[in-house]
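Next comes target.cif, with mmCIF, C-alpha atoms and all ligand atoms.
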data_upload
loop_
_atom_site.group_PDB
_atom_site.id
_atom_site.type_symbol
_atom_site.label_atom_id
_atom_site.label_comp_id
_atom_site.auth_asym_id
_atom_site.auth_seq_id
_atom_site.Cartn_x
_atom_site.Cartn_y
_atom_site.Cartn_z
ATOM 1 C CA MET A 6 108.614 65.903 119.574
ATOM 2 C CA ASP A 7 110.473 68.838 120.978
ATOM 3 C CA THR A 8 114.000 68.565 119.762
ATOM 4 C CA ALA A 9 115.045 71.597 117.709
ATOM 5 C CA ALA A 10 115.033 69.507 114.522
ATOM 6 C CA ASP A 11 111.388 68.631 114.984
ATOM 7 C CA ARG A 12 110.242 72.214 115.424
ATOM 8 C CA LEU A 13 108.602 73.862 112.432
ATOM 9 C CA LYS A 14 110.438 76.940 111.248
ATOM 10 C CA ILE A 15 108.389 79.668 109.592
ATOM 11 C CA ALA A 16 109.958 82.676 107.854
ATOM 12 C CA VAL A 17 107.931 85.876 108.360
ATOM 13 C CA GLN A 18 108.519 89.555 107.606
ATOM 14 C CA LYS A 19 110.505 91.263 110.377
ATOM 15 C CA SER A 20 109.016 94.714 110.024
ATOM 16 C CA GLY A 21 106.872 96.088 107.271
ATOM 17 C CA ARG A 22 103.521 96.094 105.588
ATOM 18 C CA LEU A 23 102.749 92.425 106.347
ATOM 19 C CA THR A 24 104.199 92.001 109.809
ATOM 20 C CA GLU A 25 101.264 92.963 111.998
ATOM 21 C CA GLN A 26 98.651 90.906 110.169
ATOM 22 C CA THR A 27 101.018 87.942 109.875
ATOM 23 C CA MET A 28 101.629 87.892 113.623
ATOM 24 C CA GLN A 29 97.922 88.403 114.290
ATOM 25 C CA LEU A 30 97.030 85.439 112.078
ATOM 26 C CA LEU A 31 99.522 83.171 113.863
ATOM 27 C CA GLU A 32 98.250 84.340 117.244
ATOM 28 C CA ARG A 33 94.682 83.644 116.201
ATOM 29 C CA CYS A 34 95.839 80.154 115.239
ATOM 30 C CA GLY A 35 96.784 79.770 118.901
ATOM 31 C CA LEU A 36 100.544 80.378 118.716
ATOM 32 C CA LYS A 37 102.103 82.073 121.730
ATOM 33 C CA ILE A 38 105.604 83.353 121.100
ATOM 34 C CA ARG A 39 108.569 84.633 123.033
ATOM 35 C CA LYS A 40 110.900 87.034 121.246
ATOM 36 C CA SER A 41 114.625 86.509 121.580
ATOM 37 C CA LYS A 42 116.915 89.401 122.505
ATOM 38 C CA ASP A 43 118.075 90.020 118.939
ATOM 39 C CA GLN A 44 114.443 89.761 117.827
ATOM 40 C CA LEU A 45 115.347 87.676 114.799
ATOM 41 C CA PHE A 46 113.960 84.518 116.247
ATOM 42 C CA CYS A 47 110.673 83.879 118.036
ATOM 43 C CA TYR A 48 110.220 80.734 120.073
ATOM 44 C CA GLY A 49 106.738 79.222 120.088
ATOM 45 C CA GLU A 50 105.931 78.508 123.709
ATOM 46 C CA ASN A 51 102.864 76.334 123.282
ATOM 47 C CA MET A 52 103.491 74.702 119.893
ATOM 48 C CA PRO A 53 106.642 73.251 118.277
ATOM 49 C CA ILE A 54 106.801 76.233 115.929
ATOM 50 C CA ASP A 55 109.494 78.915 115.707
ATOM 51 C CA LEU A 56 109.507 82.083 113.643
ATOM 52 C CA LEU A 57 112.452 83.554 111.806
ATOM 53 C CA LEU A 58 112.025 87.324 111.328
ATOM 54 C CA VAL A 59 113.570 88.399 108.026
ATOM 55 C CA ARG A 60 113.161 90.767 105.051
ATOM 56 C CA ASP A 61 110.137 89.768 102.977
ATOM 57 C CA ASP A 62 112.282 89.489 99.821
ATOM 58 C CA ASP A 63 114.370 86.798 101.530
ATOM 59 C CA ILE A 64 111.436 84.590 102.530
ATOM 60 C CA PRO A 65 111.006 82.503 99.324
ATOM 61 C CA GLY A 66 114.776 81.906 99.221
ATOM 62 C CA LEU A 67 114.929 80.753 102.832
ATOM 63 C CA VAL A 68 112.093 78.276 102.214
ATOM 64 C CA GLY A 69 113.599 77.219 98.879
ATOM 65 C CA GLU A 70 116.974 76.594 100.458
ATOM 66 C CA ASP A 71 115.321 74.628 103.219
ATOM 67 C CA VAL A 72 116.424 76.941 106.014
ATOM 68 C CA CYS A 73 112.722 77.284 106.894
ATOM 69 C CA ASP A 74 109.910 74.773 106.342
ATOM 70 C CA LEU A 75 107.251 77.406 105.721
ATOM 71 C CA GLY A 76 107.161 81.044 104.720
ATOM 72 C CA ILE A 77 104.514 83.766 104.793
ATOM 73 C CA ALA A 78 105.112 86.363 102.080
ATOM 74 C CA GLY A 79 103.490 88.355 99.299
ATOM 75 C CA LEU A 80 102.946 86.730 95.898
ATOM 76 C CA ASN A 81 105.056 89.616 94.562
ATOM 77 C CA VAL A 82 108.240 88.280 96.169
ATOM 78 C CA ILE A 83 107.184 84.631 95.716
ATOM 79 C CA GLU A 84 106.567 84.992 91.973
ATOM 80 C CA GLU A 85 109.696 87.116 91.514
ATOM 81 C CA LYS A 86 111.776 84.355 93.105
ATOM 82 C CA ARG A 87 110.004 81.636 91.136
ATOM 83 C CA LEU A 88 110.708 83.445 87.862
ATOM 84 C CA ASN A 89 114.324 84.415 88.466
ATOM 85 C CA GLY A 90 114.794 80.728 89.368
ATOM 86 C CA THR A 91 118.326 80.818 90.692
ATOM 87 C CA PHE A 92 117.830 77.482 92.394
ATOM 88 C CA GLU A 93 120.413 74.722 92.158
ATOM 89 C CA SER A 94 117.925 72.101 91.019
ATOM 90 C CA GLY A 95 116.619 74.384 88.282
ATOM 91 C CA GLN A 96 113.139 73.792 89.661
ATOM 92 C CA THR A 97 111.147 75.855 92.126
ATOM 93 C CA PRO A 98 111.874 74.142 95.451
ATOM 94 C CA PHE A 99 108.744 75.377 97.233
ATOM 95 C CA HIS A 100 104.997 75.310 96.636
ATOM 96 C CA GLU A 101 102.068 77.466 97.639
ATOM 97 C CA LEU A 102 99.776 76.010 100.319
ATOM 98 C CA ARG A 103 97.147 78.717 100.367
ATOM 99 C CA GLN A 104 96.602 82.433 99.906
ATOM 100 C CA LEU A 105 95.884 84.213 103.158
ATOM 101 C CA GLY A 106 93.542 87.027 102.134
ATOM 102 C CA PHE A 107 95.537 90.016 103.392
ATOM 103 C CA GLY A 108 98.364 92.244 102.159
ATOM 104 C CA GLU A 109 96.575 92.901 98.886
ATOM 105 C CA CYS A 110 98.560 95.035 96.464
ATOM 106 C CA ARG A 111 99.598 94.960 92.826
ATOM 107 C CA LEU A 112 102.753 95.289 90.803
ATOM 108 C CA SER A 113 102.027 98.062 88.340
ATOM 109 C CA LEU A 114 103.680 99.951 85.568
ATOM 110 C CA ALA A 115 103.692 103.730 86.125
ATOM 111 C CA ALA A 116 105.212 106.830 84.603
ATOM 112 C CA PRO A 117 105.213 110.635 84.944
ATOM 113 C CA GLU A 118 102.012 112.234 83.621
ATOM 114 C CA ALA A 119 103.764 113.646 80.555
ATOM 115 C CA GLN A 120 105.037 110.226 79.428
ATOM 116 C CA GLU A 121 103.293 109.050 76.284
ATOM 117 C CA TRP A 122 101.429 105.748 76.711
ATOM 118 C CA SER A 123 99.350 103.820 74.246
ATOM 119 C CA GLY A 124 99.999 100.278 75.479
ATOM 120 C CA PRO A 125 103.002 97.980 76.063
ATOM 121 C CA GLN A 126 104.613 98.963 72.732
ATOM 122 C CA SER A 127 105.220 102.451 74.219
ATOM 123 C CA LEU A 128 107.922 100.745 76.318
ATOM 124 C CA GLU A 129 110.008 99.806 73.274
ATOM 125 C CA GLY A 130 113.603 101.003 73.757
ATOM 126 C CA ARG A 131 112.754 102.708 77.089
ATOM 127 C CA ARG A 132 114.095 102.148 80.596
ATOM 128 C CA ILE A 133 111.979 100.694 83.430
ATOM 129 C CA ALA A 134 113.162 101.040 87.033
ATOM 130 C CA THR A 135 112.043 98.251 89.365
ATOM 131 C CA SER A 136 112.821 96.037 92.358
ATOM 132 C CA TYR A 137 111.076 93.228 90.450
ATOM 133 C CA PRO A 138 113.280 92.612 87.394
ATOM 134 C CA ALA A 139 112.095 89.050 86.723
ATOM 135 C CA LEU A 140 108.381 89.890 86.824
ATOM 136 C CA THR A 141 109.010 92.985 84.713
ATOM 137 C CA ARG A 142 111.049 91.086 82.087
ATOM 138 C CA ASP A 143 108.383 88.399 82.002
ATOM 139 C CA TYR A 144 105.790 91.067 81.201
ATOM 140 C CA LEU A 145 108.003 92.502 78.454
ATOM 141 C CA ASP A 146 108.553 89.033 76.955
ATOM 142 C CA ARG A 147 104.853 88.248 77.019
ATOM 143 C CA ASN A 148 104.237 91.452 75.100
ATOM 144 C CA GLY A 149 107.175 91.031 72.740
ATOM 145 C CA VAL A 150 108.700 94.359 73.733
ATOM 146 C CA ASN A 151 112.385 95.253 74.145
ATOM 147 C CA ALA A 152 113.170 97.602 77.024
ATOM 148 C CA ASP A 153 115.947 98.072 79.577
ATOM 149 C CA VAL A 154 115.160 96.901 83.081
ATOM 150 C CA VAL A 155 117.069 98.997 85.618
ATOM 151 C CA TYR A 156 117.316 97.413 89.055
ATOM 152 C CA PHE A 157 116.567 99.573 92.122
ATOM 153 C CA SER A 158 116.567 97.968 95.578
ATOM 154 C CA GLY A 159 114.226 100.660 96.918
ATOM 155 C CA ALA A 160 112.815 104.151 96.281
ATOM 156 C CA VAL A 161 111.931 103.125 92.730
ATOM 157 C CA GLU A 162 109.420 105.973 92.520
ATOM 158 C CA ILE A 163 112.171 108.596 92.325
ATOM 159 C CA ALA A 164 113.948 106.980 89.319
ATOM 160 C CA PRO A 165 112.160 109.062 86.646
ATOM 161 C CA ARG A 166 113.019 112.314 88.452
ATOM 162 C CA LEU A 167 116.659 111.227 88.687
ATOM 163 C CA GLY A 168 116.637 110.630 84.948
ATOM 164 C CA LYS A 169 117.372 106.922 85.475
ATOM 165 C CA ALA A 170 114.262 105.613 83.742
ATOM 166 C CA GLU A 171 111.158 106.723 81.850
ATOM 167 C CA PHE A 172 108.915 104.125 83.512
ATOM 168 C CA ILE A 173 108.794 102.249 86.804
ATOM 169 C CA SER A 174 107.187 98.979 87.809
ATOM 170 C CA ASP A 175 106.485 98.981 91.520
ATOM 171 C CA LEU A 176 104.082 97.788 94.168
ATOM 172 C CA VAL A 177 100.951 99.836 94.589
ATOM 173 C CA SER A 178 98.685 99.389 97.546
ATOM 174 C CA THR A 179 96.797 102.595 98.363
ATOM 175 C CA GLY A 180 98.397 104.442 95.442
ATOM 176 C CA SER A 181 99.533 107.335 97.611
ATOM 177 C CA THR A 182 103.238 106.836 96.809
ATOM 178 C CA LEU A 183 102.466 107.236 93.104
ATOM 179 C CA VAL A 184 100.362 110.340 93.698
ATOM 180 C CA ALA A 185 103.024 111.890 95.928
ATOM 181 C CA ASN A 186 105.549 111.417 93.117
ATOM 182 C CA GLN A 187 103.224 112.577 90.342
ATOM 183 C CA LEU A 188 103.250 109.197 88.668
ATOM 184 C CA VAL A 189 100.313 107.690 86.789
ATOM 185 C CA GLU A 190 99.476 103.996 87.039
ATOM 186 C CA LEU A 191 99.341 102.473 83.555
ATOM 187 C CA GLU A 192 98.929 98.729 83.791
ATOM 188 C CA THR A 193 98.876 95.912 86.357
ATOM 189 C CA LEU A 194 101.583 93.257 85.969
ATOM 190 C CA LEU A 195 100.598 91.107 88.961
ATOM 191 C CA ASP A 196 97.829 91.042 91.563
ATOM 192 C CA SER A 197 99.314 90.138 94.889
ATOM 193 C CA GLN A 198 98.282 89.088 98.362
ATOM 194 C CA VAL A 199 99.992 87.154 101.113
ATOM 195 C CA ALA A 200 100.459 83.402 100.713
ATOM 196 C CA LEU A 201 101.808 80.508 102.766
ATOM 197 C CA ILE A 202 104.530 78.484 101.043
ATOM 198 C CA GLN A 203 106.140 75.186 101.998
ATOM 199 C CA THR A 204 109.495 73.691 101.053
ATOM 200 C CA ASN A 205 109.364 70.747 98.647
ATOM 201 C CA ALA A 206 111.877 68.909 100.839
ATOM 202 C CA PRO A 207 110.344 65.924 102.624
ATOM 203 C CA LEU A 208 109.449 66.679 106.247
ATOM 204 C CA SER A 209 109.051 64.393 109.248
ATOM 205 C CA ASP A 210 105.536 63.111 109.946
ATOM 206 C CA ALA A 211 105.482 65.209 113.102
ATOM 207 C CA LYS A 212 106.225 68.399 111.198
ATOM 208 C CA GLN A 213 103.744 67.586 108.445
ATOM 209 C CA GLU A 214 101.045 66.974 111.056
ATOM 210 C CA TRP A 215 101.656 70.423 112.532
ATOM 211 C CA ILE A 216 101.480 71.993 109.090
ATOM 212 C CA ASP A 217 98.122 70.305 108.460
ATOM 213 C CA ARG A 218 96.902 71.477 111.837
ATOM 214 C CA LEU A 219 98.060 75.032 111.232
ATOM 215 C CA LEU A 220 96.381 75.069 107.821
ATOM 216 C CA GLN A 221 93.100 73.877 109.301
ATOM 217 C CA ARG A 222 93.268 76.597 111.944
ATOM 218 C CA MET A 223 94.078 79.236 109.305
ATOM 219 C CA GLU A 224 91.049 78.052 107.377
ATOM 220 C CA GLY A 225 88.955 78.613 110.496
ATOM 221 C CA VAL A 226 90.465 82.027 111.243
ATOM 222 C CA MET A 227 89.836 83.195 107.700
ATOM 223 C CA GLN A 228 86.245 82.019 107.669
ATOM 224 C CA VAL A 229 85.613 83.628 111.022
ATOM 225 C CA SER A 230 86.896 87.063 110.028
ATOM 226 C CA GLU A 231 84.077 87.333 107.494
ATOM 227 C CA SER A 232 81.470 85.367 109.403
ATOM 228 C CA LYS A 233 78.745 86.796 111.588
ATOM 229 C CA TYR A 234 76.207 85.176 113.884
ATOM 230 C CA ILE A 235 72.805 86.723 113.372
ATOM 231 C CA MET A 236 69.726 86.481 115.600
ATOM 232 C CA LEU A 237 66.309 87.896 114.775
ATOM 233 C CA HIS A 238 62.584 87.475 115.262
ATOM 234 C CA ALA A 239 60.425 86.779 112.228
ATOM 235 C CA PRO A 240 56.886 85.847 111.257
ATOM 236 C CA ARG A 241 56.678 82.053 110.905
ATOM 237 C CA THR A 242 55.406 82.557 107.340
ATOM 238 C CA ALA A 243 58.444 84.663 106.350
ATOM 239 C CA VAL A 244 61.187 82.224 107.429
ATOM 240 C CA ALA A 245 61.860 80.952 103.893
ATOM 241 C CA GLU A 246 62.149 84.498 102.519
ATOM 242 C CA ILE A 247 64.397 85.587 105.399
ATOM 243 C CA THR A 248 66.704 82.579 104.970
ATOM 244 C CA ARG A 249 67.040 83.534 101.323
ATOM 245 C CA ILE A 250 68.118 87.088 102.219
ATOM 246 C CA LEU A 251 70.727 86.029 104.814
ATOM 247 C CA PRO A 252 74.120 86.136 103.041
ATOM 248 C CA GLY A 253 75.914 82.803 102.782
ATOM 249 C CA SER A 254 74.018 81.071 105.553
ATOM 250 C CA GLU A 255 73.205 77.384 105.810
ATOM 251 C CA ALA A 256 70.078 75.955 107.456
ATOM 252 C CA PRO A 257 69.184 78.406 110.242
ATOM 253 C CA THR A 258 68.041 77.349 113.694
ATOM 254 C CA ILE A 259 64.353 78.143 114.273
ATOM 255 C CA LEU A 260 63.248 78.535 117.895
ATOM 256 C CA PRO A 261 59.771 79.127 119.355
ATOM 257 C CA LEU A 262 59.093 82.389 121.224
ATOM 258 C CA GLU A 263 57.424 82.001 124.613
ATOM 259 C CA GLY A 264 53.744 82.949 124.435
ATOM 260 C CA ILE A 265 53.832 84.021 120.779
ATOM 261 C CA ASP A 266 52.573 81.622 118.140
ATOM 262 C CA ASP A 267 52.989 83.423 114.835
ATOM 263 C CA ARG A 268 56.591 84.599 115.341
ATOM 264 C CA VAL A 269 59.823 82.621 115.818
ATOM 265 C CA ALA A 270 63.478 83.324 116.593
ATOM 266 C CA VAL A 271 65.926 82.668 113.740
ATOM 267 C CA HIS A 272 69.628 82.096 114.471
ATOM 268 C CA ALA A 273 72.131 81.660 111.657
ATOM 269 C CA VAL A 274 75.825 81.841 110.834
ATOM 270 C CA CYS A 275 76.436 84.040 107.804
ATOM 271 C CA ARG A 276 79.656 83.263 105.935
ATOM 272 C CA GLU A 277 79.806 86.803 104.606
ATOM 273 C CA ASN A 278 79.649 90.218 106.182
ATOM 274 C CA VAL A 279 76.179 91.438 107.107
ATOM 275 C CA PHE A 280 75.662 94.993 105.862
ATOM 276 C CA TRP A 281 73.039 97.573 106.866
ATOM 277 C CA GLU A 282 71.329 97.003 103.502
ATOM 278 C CA THR A 283 70.827 93.352 104.375
ATOM 279 C CA LEU A 284 69.297 94.272 107.742
ATOM 280 C CA GLU A 285 66.959 96.707 106.000
ATOM 281 C CA SER A 286 65.849 93.995 103.557
ATOM 282 C CA LEU A 287 65.288 91.623 106.484
ATOM 283 C CA LYS A 288 63.189 94.250 108.234
ATOM 284 C CA ALA A 289 61.130 94.760 105.094
ATOM 285 C CA ALA A 290 60.536 90.988 105.047
ATOM 286 C CA GLY A 291 59.098 91.189 108.570
ATOM 287 C CA ALA A 292 62.162 90.623 110.782
ATOM 288 C CA SER A 293 62.607 92.485 114.085
ATOM 289 C CA SER A 294 64.966 92.459 117.110
ATOM 290 C CA MET A 295 67.954 91.825 114.875
ATOM 291 C CA LEU A 296 71.344 91.247 116.455
ATOM 292 C CA VAL A 297 74.621 90.665 114.552
ATOM 293 C CA LEU A 298 77.545 89.184 116.502
ATOM 294 C CA PRO A 299 81.166 88.519 115.571
ATOM 295 C CA VAL A 300 82.246 84.877 115.517
ATOM 296 C CA GLU A 301 85.260 84.059 117.671
ATOM 297 C CA LYS A 302 86.261 80.563 116.510
ATOM 298 C CA MET A 303 85.010 78.018 114.012
ATOM 299 C CA LEU A 304 86.011 74.432 113.293
ATOM 300 C CA ALA A 305 84.351 72.434 110.545
HETATM 301 C C1 LIG A 401 105.756 99.386 98.461
HETATM 302 C C2 LIG A 401 106.221 100.156 97.233
HETATM 303 C C3 LIG A 401 105.831 101.586 97.506
HETATM 304 C C4 LIG A 401 104.684 101.464 98.471
HETATM 305 C C5 LIG A 401 103.369 101.670 97.773
HETATM 306 O O1 LIG A 401 106.799 99.144 99.357
HETATM 307 O O2 LIG A 401 107.594 99.996 96.995
HETATM 308 O O3 LIG A 401 106.882 102.285 98.098
HETATM 309 O O4 LIG A 401 104.718 100.145 99.035
HETATM 310 O O5 LIG A 401 102.316 101.734 98.691
HETATM 311 P P1 LIG A 401 101.140 102.778 98.525
HETATM 312 O O6 LIG A 401 100.535 102.539 97.157
HETATM 313 O O7 LIG A 401 100.166 102.453 99.621
HETATM 314 O O8 LIG A 401 101.716 104.143 98.665
HETATM 315 P P2 LIG A 401 106.693 98.013 100.511
HETATM 316 O O9 LIG A 401 105.777 98.443 101.592
HETATM 317 O O10 LIG A 401 106.363 96.707 99.897
HETATM 318 O O11 LIG A 401 108.142 98.007 101.125
HETATM 319 P P3 LIG A 401 109.383 97.076 100.723
HETATM 320 O O12 LIG A 401 109.645 97.355 99.275
HETATM 321 O O13 LIG A 401 110.468 97.548 101.631
HETATM 322 O O14 LIG A 401 109.000 95.648 100.983
HETATM 323 ZN ZN ZN A 402 110.560 94.147 100.664
#

Could you spell out this file's structure in structure tokens?
Ligand code: PRP
Ligand code: ZN
Amino acid sequence: MDTAADRLKIAVQKSGRLTEQTMQLLERCGLKIRKSKDQLFCYGENMPIDLLLVRDDDIPGLVGEDVCDLGIAGLNVIEEKRLNGTFESGQTPFHELRQLGFGECRLSLAAPEAQEWSGPQSLEGRRIATSYPALTRDYLDRNGVNADVVYFSGAVEIAPRLGKAEFISDLVSTGSTLVANQLVELETLLDSQVALIQTNAPLSDAKQEWIDRLLQRMEGVMQVSESKYIMLHAPRTAVAEITRILPGSEAPTILPLEGIDDRVAVHAVCRENVFWETLESLKAAGASSMLVLPVEKMLA
């Protein structure tokens, strides 16, 4: 199982908004990589997995054309590619395996403050600058509006100032790009986050096994990032109430405390973040000596 053909190839963003968290996720799944000189290709040293570092917009295409088996990219580029469907077969040649819970952003319609807006019909006969023509046209079609979609490969936010368009549809994450360009967000066209996609082409059993393994590890990593291990002391009579307050926890472990009869130690894994408010409620219910710890790994 270590010929080049049997190694899983994953397309990931080379440098940008998603790169750091993508690499972190793969590392937390146990992948150790060696970068090649040209830094376009990363060789997995401890698993039969290699990474291809590319522009995020190219990821769905590379998976669709079977150059890579898997891809990690935003739903924005995945849905754009699915809609503009320039695939030979006429069908989308990849499918989504799971969303990965990071890289949240949205594709939104925006315009200069002075632009009149009373809903999608305000777009009639206007020009919209975007790097997402297919998603933007789809929105126009759904709303039965005719408008010109003007393609920009980047710097979409300056199109209104250049007189190239009245509106833009662009990705918004913090919103600071819009503010800096005195643009107002009007409507969301698509909510996006990062997803893992797989080619529809049949893969060898060996490759498919590694995909299943990777998915299971991702599942674990994602659960862990939210999960906390909590330890506290509580009156024996308050255990039921305290279990109820603990966020997303299953049956806790109850342990006796040496020399104390009416109090016990409660240990539990919480599947959600534990906030100060929760600790305060626990204290009010009689808990003391509370300790919240991060969870390193988890396997169901
Ligand atoms: C997007 C978008 C804006 C910016 C918005 O670009 O085109 O420029 O992010 O982010 P903000 O709301 O936090 O200011 P992206 O990072 O996706 O770069 P890319 O188009 O090169 O992929
Ligand atoms: Zn991009």

Counting all atoms listed in the file, which protein, DNA or RNA residues come within 8 Å of ligand ZN 402 (chain A), given as a CSV table (one decimal) with C-alpha atoms, in the coordinates of the input?
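Once everything was written out, this is result.csv:
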chain,number,residue,atom,x,y,z
A,21,GLY,CA,106.9,96.1,107.3
A,60,ARG,CA,113.2,90.8,105.1
A,61,ASP,CA,110.1,89.8,103.0
A,62,ASP,CA,112.3,89.5,99.8
A,82,VAL,CA,108.2,88.3,96.2

Report the residues retrieved by the PyMOL selection byres (((chain A and resi 288) around 12) and not hetatm) from the displayed file, expressed as a PyMOL selection string. chain A and resi 237-240+243+246-247+250-251+281-287+289-296

Pull the neighbourhood of (94.1, 86.2, 98.8) for me: all residues within 12 Å in file coordinates, counting only C-alpha atoms, as a list of chain:residue names.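 With a cut-off of 12 Å, the residues come to A:Ala78, A:Gly79, A:Leu80, A:Glu101, A:Leu102, A:Arg103, A:Gln104, A:Leu105, A:Gly106, A:Phe107, A:Gly108, A:Glu109, A:Cys110, A:Arg111, A:Asp196, A:Ser197, A:Gln198, A:Val199, A:Ala200, A:Leu201, A:Met227.
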
Which residues are close to Phe92 in chain A, i.e. within 9 Å by only C-alpha atoms, leaving aside same-chain residues fewer than 4 positions away? Reply as a list in words. Gly66, Gly69, Glu70, Arg87, Gln96, Thr97 and Pro98 of chain A

Enumerate residues in contact with ligand LIG 401 (chain A): an atom-to-atom distance of at most 6 Å, counting all atoms listed in the file. Format the result as a list in words.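 Listed by chain and ascending number, the contacts are Arg22, Asp175, Leu176, Val177, Ser178, Thr179, Gly180, Ser181 and Thr182 of chain A.
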
Test item: which residues lie within 9 Å of (99.6, 91.2, 84.1) counting all atoms listed in the file, as an mmCIF file with C-alpha atoms, in the coordinates of the input:
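Writing the result to result-v3.cif gives the following:
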data_model
loop_
_atom_site.group_PDB
_atom_site.id
_atom_site.type_symbol
_atom_site.label_atom_id
_atom_site.label_comp_id
_atom_site.auth_asym_id
_atom_site.auth_seq_id
_atom_site.Cartn_x
_atom_site.Cartn_y
_atom_site.Cartn_z
ATOM 1 C CA LEU A 112 102.753 95.289 90.803
ATOM 2 C CA SER A 113 102.027 98.062 88.340
ATOM 3 C CA TYR A 144 105.790 91.067 81.201
ATOM 4 C CA GLU A 192 98.929 98.729 83.791
ATOM 5 C CA THR A 193 98.876 95.912 86.357
ATOM 6 C CA LEU A 194 101.583 93.257 85.969
ATOM 7 C CA LEU A 195 100.598 91.107 88.961
ATOM 8 C CA ASP A 196 97.829 91.042 91.563
#

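Here the PyMOL selection byres (((chain A and resi 27) around 9) and not hetatm) captures the residues Val17, Gln18, Leu23, Thr24, Glu25, Gln26, Met28, Gln29, Leu30, Leu31, Glu32, Ile77, Ala78, Phe107 and Val199 of chain A.
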
Got a sec: who's within 10 Å of Val59 in chain A, counting all atoms listed in the file, leaving out chain neighbours fewer than 3 positions off, as a PyMOL selection string? chain A and resi 16-20+44-46+56+62-64+67

Here CA of Glu263 in chain A and CA of Ala245 in chain A stand apart by 21.2 Å

Excluding same-chain residues fewer than 4 positions from Val226 in chain A, what lies within 12 Å of it counting all atoms listed in the file, as a PyMOL selection string? chain A and resi 29-35+105-106+219-222+230-232+300-305

How big is the axis-aligned box, and where does its centre sit, when it encloses all atoms of range 167-176 of chain A listed in the file and has 4 Å added on every side, reported in Å to one decimal as lines of an AutoDock Vina configuration file?
center_x = 110.7
center_y = 104.5
center_z = 88.0
size_x = 21.3
size_y = 21.4
size_z = 20.3

Could you pull the residues within 12 Å of Glu121 in chain A, counting all atoms listed in the file, minus those fewer than 5 positions along the same chain, as a PyMOL selection string? chain A and resi 115-116+126-129+131+171-172+189+191

Would you write out, as a ChimeraX atom specification, every residue that the PyMOL selection byres (((chain A and resi 257) around 6) and not hetatm) captures in this file? /A:256,258,272-273

Just-selected residues, C-alpha atoms written as a PDB file, in the frame of the given file:
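File written: out.pdb
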ATOM      1  CA  ALA A 256      70.078  75.955 107.456  1.00  0.00           C
ATOM      2  CA  THR A 258      68.041  77.349 113.694  1.00  0.00           C
ATOM      3  CA  HIS A 272      69.628  82.096 114.471  1.00  0.00           C
ATOM      4  CA  ALA A 273      72.131  81.660 111.657  1.00  0.00           C
TER       5      ALA A 273
END

Mind checking which residues fall within 8 Å of Val297 in chain A, counting all atoms listed in the file, ignoring those fewer than 5 positions away in the same chain, and posting them as a list in words? Lys233, Tyr234, Ile235, Met236 and Val279 of chain A
